[in-house]
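Worksheet: the structure to be examined is printed underneath.
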Amino acid sequence: MTAPNPHTRSDIHAVPTGKLHPHLRLRAVSRLLLATVLLGACTQSTARPLTPLSLVSAEVHRTVLDSVRRVVDQAVHEGAFPGAYAVIGTREGILAEYGAGRLDSADASRPTARTIWDLASLTKVVGTTSALLQLVGSGRVVLDTPVVRYLPEWTVPGAQRVTVRHLLSHSAGLPAWRALYKETDTPSEAWRQVLATPLDTVPGTRFLYSDLGFMLLGRLVERVSGTALADFDVQRVFLPAGMMETRYLPPTSWRSRIAPTEQDPWRQRKVRGEVHDENAARVGGVSGHAGLFSTAHDLARFARLYLNEGTLDGTTVFDAATVRSFIQVQDTAISRRALGWETPTGRNSAGQRMTPMAFGHTGFTGTSLWMDPGQNLFVLLLTNRVNPTRQNTRIGTVRTALADAVVGALPRVSPGTP
């Protein structure tokens with residue numbers, strides 16, 4: 001297989017866990033309990049739809065749904081992806097949801113709110129950035145502190161100049177990617193390669209979307225919290241937010257609800273129920289940049305959590321001031337990136353109609369989430385566009401078409417207040 005070009009694959013790659021430090025292994029009991037809770041919740045789940053927002057008229061719901069249906073149905077018809085599920089909502093609730101197509105050529109099941117999708121690089125924001133939100137909000141991580149204070153084993157020349165803020169805004173000077181899954185055979189070998197990868201730019205002078213940077217951030221979360229990344233996200237973000245079907249390493253009992261991804265040339269099989277990203281697979285399926293699986297149901301709650309500045313249904317998950325700081329553009333001289341998040345550029349998947357306050361992200365497998373506090377709106381699109389091959393690149397135009405269609409259908413959505 002030819003190594004992918006990182007400049008065309010803006011949503012891939014991995015963080016090794018390897019053998020965890022002894023203090024992390026002490027978490028084994030809590031992992032078992034968490035797994036029991038999650039499995040119990042998911043066993044009882046059904047394909048029921050999300051709860052519609054009752055604060056707007058039936059006409060608004062219908063208008064939004066019609067706009068979503070037109071875009072998604074056309075995309076399925078044109079072969080942009082086998083199946084999709086879209087959810088449009090506000091901080092208060094759901095305006096419209098719609099599933100189209102099928103999970104796979106061999107599985108005619110229509111996607112539902114409980115279909116499980118490989119999030120790919122949405123992991124960077126749903127998992128890793130959210131974990132950093134927790135740690136920064138509690139004062140355990142300081143954004144402008146050099147990363148080597150937390151990861152002293154990272155000793156490449158120039159590393160001492162890289163801050164946590166640099167990594168979160170993709171301005172650390174790291175390369176975009178390297179084929180760890182080809183260069184190494186074990187998680188520990190892959191991690192050594194990450195630590196040994198030299199900077200190729202002075203930190204803080206250039207934007208370059210880097211999976212390697214988020215691999216380091218995943219490791220940093222583990223080091224500071226004393227908890228494995230997968231466990232930290234579940235304990236501190238997903239369970240408090242009511243996201244019972246969001247996790248790394250999904251159990252085999254979920255497999256029938258997971259949308260298959262690629263007929264993978266490297267693994268020589270169709271990938272279903274295991275992470276699509278090759279580097280994430282090499283390091284065991286848990287990474288700061290890829291590895292999460294989730295549903296439309298859970299991610300709609302996640303979007304509402306962010307639009308409500310960290311509080312949902314009476315539970316505070318994030319500090320509101322820290323949320324506001326993370327979604328702000330960091331340095332316009334370099335890019336329009338916030339911390340972890342993208343913001344609208346006029347050329348990315350936000351389309352042309354979201355306000356400058358919007359923030360979002362995409363995933364290589366065909367996932368995307370945009371939130372616009374300026375219009376009290378979120379647009380979630382989950383697909384498996386890499387099925388059966390990643391060579392299908394039609395997803396880009398679908399994302400922008402959906403965002404523009406939804407905003408165009410909602411001239412009366414009010415910014416409101418959290």
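Ligands are numbered from 1 in the order shown, residues from 1 within each chain, and chains are lettered A, B, ... in the order they appear in the structure tokens.
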
> Got a sec to tell me which of range 225-365 of chain A DSSP assigns to alpha helix (DSSP H), as JSON, numbers by chain?
Replying inline: {"A": [225, 229, 230, 231, 232, 233, 278, 279, 280, 281, 282, 296, 297, 298, 299, 300, 301, 302, 303, 304, 305, 306, 307, 320, 321, 322, 323, 324, 325, 326]}

Can you spit out the residues from that selection as a short mmCIF file (atom, residue, chain, number, x, y, z; two decimals), in the first residue's frame, using N, CA, C and O atoms?
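Wrote again_1.cif, looks like this:
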```
data_model
loop_
_atom_site.label_atom_id
_atom_site.label_comp_id
_atom_site.auth_asym_id
_atom_site.auth_seq_id
_atom_site.Cartn_x
_atom_site.Cartn_y
_atom_site.Cartn_z
N SER A 225 -2.91 13.49 34.41
CA SER A 225 -4.08 12.99 35.14
C SER A 225 -3.80 11.70 35.90
O SER A 225 -4.51 11.36 36.84
N LEU A 229 -5.90 7.68 28.79
CA LEU A 229 -6.70 8.63 28.02
C LEU A 229 -8.14 8.15 27.85
O LEU A 229 -9.09 8.92 28.04
N ALA A 230 -8.31 6.89 27.48
CA ALA A 230 -9.65 6.36 27.26
C ALA A 230 -10.49 6.44 28.53
O ALA A 230 -11.69 6.78 28.48
N ASP A 231 -9.89 6.15 29.67
CA ASP A 231 -10.62 6.20 30.94
C ASP A 231 -10.93 7.64 31.36
O ASP A 231 -12.01 7.93 31.86
N PHE A 232 -9.95 8.52 31.15
CA PHE A 232 -10.16 9.93 31.53
C PHE A 232 -11.34 10.50 30.76
O PHE A 232 -12.22 11.16 31.34
N ASP A 233 -11.38 10.27 29.45
CA ASP A 233 -12.47 10.81 28.64
C ASP A 233 -13.83 10.28 29.11
O ASP A 233 -14.81 11.02 29.19
N GLU A 278 -4.67 3.67 10.42
CA GLU A 278 -3.64 2.64 10.54
C GLU A 278 -2.71 2.88 11.72
O GLU A 278 -2.34 1.93 12.43
N ASN A 279 -2.30 4.12 11.92
CA ASN A 279 -1.41 4.39 13.04
C ASN A 279 -2.09 4.15 14.38
O ASN A 279 -1.48 3.64 15.32
N ALA A 280 -3.36 4.53 14.47
CA ALA A 280 -4.10 4.26 15.70
C ALA A 280 -4.21 2.75 15.93
O ALA A 280 -4.13 2.28 17.07
N ALA A 281 -4.41 2.00 14.87
CA ALA A 281 -4.45 0.55 15.01
C ALA A 281 -3.11 0.00 15.49
O ALA A 281 -3.06 -0.89 16.34
N ARG A 282 -2.02 0.55 14.96
CA ARG A 282 -0.69 0.08 15.36
C ARG A 282 -0.45 0.27 16.86
O ARG A 282 0.21 -0.54 17.50
N ALA A 296 -24.87 9.48 16.72
CA ALA A 296 -25.48 10.80 16.55
C ALA A 296 -26.14 11.26 17.84
O ALA A 296 -26.11 12.44 18.19
N HIS A 297 -26.75 10.34 18.55
CA HIS A 297 -27.39 10.66 19.83
C HIS A 297 -26.39 11.31 20.78
O HIS A 297 -26.63 12.37 21.36
N ASP A 298 -25.22 10.68 20.94
CA ASP A 298 -24.23 11.20 21.88
C ASP A 298 -23.61 12.51 21.40
O ASP A 298 -23.39 13.44 22.18
N LEU A 299 -23.30 12.59 20.11
CA LEU A 299 -22.64 13.79 19.61
C LEU A 299 -23.57 14.99 19.56
O LEU A 299 -23.11 16.13 19.65
N ALA A 300 -24.87 14.77 19.44
CA ALA A 300 -25.82 15.88 19.57
C ALA A 300 -25.77 16.43 20.99
O ALA A 300 -25.83 17.65 21.20
N ARG A 301 -25.65 15.57 21.98
CA ARG A 301 -25.50 16.03 23.36
C ARG A 301 -24.18 16.79 23.52
O ARG A 301 -24.12 17.82 24.20
N PHE A 302 -23.14 16.27 22.90
CA PHE A 302 -21.84 16.93 22.97
C PHE A 302 -21.92 18.34 22.39
O PHE A 302 -21.39 19.31 22.96
N ALA A 303 -22.58 18.49 21.24
CA ALA A 303 -22.71 19.80 20.60
C ALA A 303 -23.50 20.76 21.48
O ALA A 303 -23.13 21.93 21.65
N ARG A 304 -24.56 20.27 22.08
CA ARG A 304 -25.35 21.12 22.97
C ARG A 304 -24.55 21.50 24.21
O ARG A 304 -24.68 22.62 24.72
N LEU A 305 -23.70 20.60 24.69
CA LEU A 305 -22.83 20.89 25.83
C LEU A 305 -21.94 22.08 25.52
O LEU A 305 -21.78 23.00 26.33
N TYR A 306 -21.32 22.08 24.34
CA TYR A 306 -20.44 23.17 23.96
C TYR A 306 -21.22 24.47 23.73
O TYR A 306 -20.76 25.55 24.12
N LEU A 307 -22.38 24.39 23.08
CA LEU A 307 -23.17 25.60 22.86
C LEU A 307 -23.66 26.19 24.17
O LEU A 307 -23.92 27.40 24.27
N ALA A 320 -16.94 27.42 31.91
CA ALA A 320 -17.45 28.23 30.80
C ALA A 320 -16.38 29.16 30.23
O ALA A 320 -16.26 29.30 29.00
N ALA A 321 -15.61 29.79 31.09
CA ALA A 321 -14.58 30.71 30.60
C ALA A 321 -13.52 29.97 29.80
O ALA A 321 -13.01 30.49 28.79
N THR A 322 -13.22 28.74 30.21
CA THR A 322 -12.22 27.95 29.47
C THR A 322 -12.77 27.53 28.11
O THR A 322 -12.04 27.55 27.12
N VAL A 323 -14.04 27.17 28.06
CA VAL A 323 -14.66 26.86 26.76
C VAL A 323 -14.53 28.05 25.83
O VAL A 323 -14.12 27.91 24.66
N ARG A 324 -14.86 29.23 26.32
CA ARG A 324 -14.79 30.42 25.47
C ARG A 324 -13.37 30.66 24.97
O ARG A 324 -13.16 31.06 23.82
N SER A 325 -12.38 30.40 25.81
CA SER A 325 -10.99 30.63 25.39
C SER A 325 -10.54 29.61 24.35
O SER A 325 -9.75 29.93 23.46
N PHE A 326 -11.07 28.38 24.42
CA PHE A 326 -10.65 27.33 23.50
C PHE A 326 -11.24 27.52 22.11
O PHE A 326 -10.65 27.05 21.12
#
```

Tell me, counting only C-alpha atoms, for each residue of range 280-370 of chain A within 7 Å of range 211-217 of chain A, which pair of atoms is nearest and how far apart they are in Å to one decimal, in rows ordered by chain and increasing number, as CSV.
```
residue,atom,partner,partner_atom,distance
A:Ser287,CA,A:Met215,CA,6.3
A:Gly288,CA,A:Met215,CA,4.8
A:His289,CA,A:Phe214,CA,5.3
```

> Quick one: of A:Pro203, A:Gly366, A:Pro152, A:Gly89, who's nearest to Glu262 in chain A, counting only C-alpha atoms?
Replying inline: A:Gly366

>> Show me, as a ChimeraX atom specification, the residues that have an atom within 10 Å of Arg390 in chain A when counting only C-alpha atoms, minus same-chain residues fewer than 5 positions from it.
In response: /A:9,261-264,364-366,384-385

Next, dump the selected residues to file, keeping only C-alpha atoms, as a short mmCIF file (atom, residue, chain, number, x, y, z; two decimals), in the first residue's frame.
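Below is the file that was written, out.cif:
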```cif
data_model
loop_
_atom_site.label_atom_id
_atom_site.label_comp_id
_atom_site.auth_asym_id
_atom_site.auth_seq_id
_atom_site.Cartn_x
_atom_site.Cartn_y
_atom_site.Cartn_z
CA ARG A 9 -5.54 13.32 4.41
CA THR A 261 -15.30 1.58 6.93
CA GLU A 262 -12.73 0.56 4.33
CA GLN A 263 -11.75 -2.59 2.55
CA ASP A 264 -8.28 -1.94 3.93
CA PHE A 364 -11.26 11.33 7.62
CA THR A 365 -13.87 8.55 7.69
CA GLY A 366 -16.57 11.07 6.74
CA ASN A 384 -18.66 6.18 6.31
CA ARG A 385 -17.45 7.79 3.09
#
```

> Leu95 in chain A: which residues within 8 Å, counting only C-alpha atoms, same-chain residues fewer than 4 positions away excluded, as JSON, numbers by chain?
Replying inline: {"A": [52, 53, 60, 61, 64, 65, 87, 88, 89, 90]}

>> Can you tell me which residues surround Arg192 in chain A at a distance of at most 10 Å, considering only C-alpha atoms, apart from same-chain residues fewer than 5 positions away, and format the answer as a list in words?
In response: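 Neighbouring residues, sequence-local ones excluded: Pro16, Glu153, Trp154, Thr184, Pro187 and Thr197 of chain A.
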
> So how many Å separate CA of Asp277 in chain A and CA of Arg399 in chain A, to one decimal?
Replying inline: 20.9 Å

> Between A:Thr246, A:Ser109, A:Thr315, A:Ser171, which is the closest to Gly340 in chain A once you count only C-alpha atoms?
Replying inline: A:Ser171
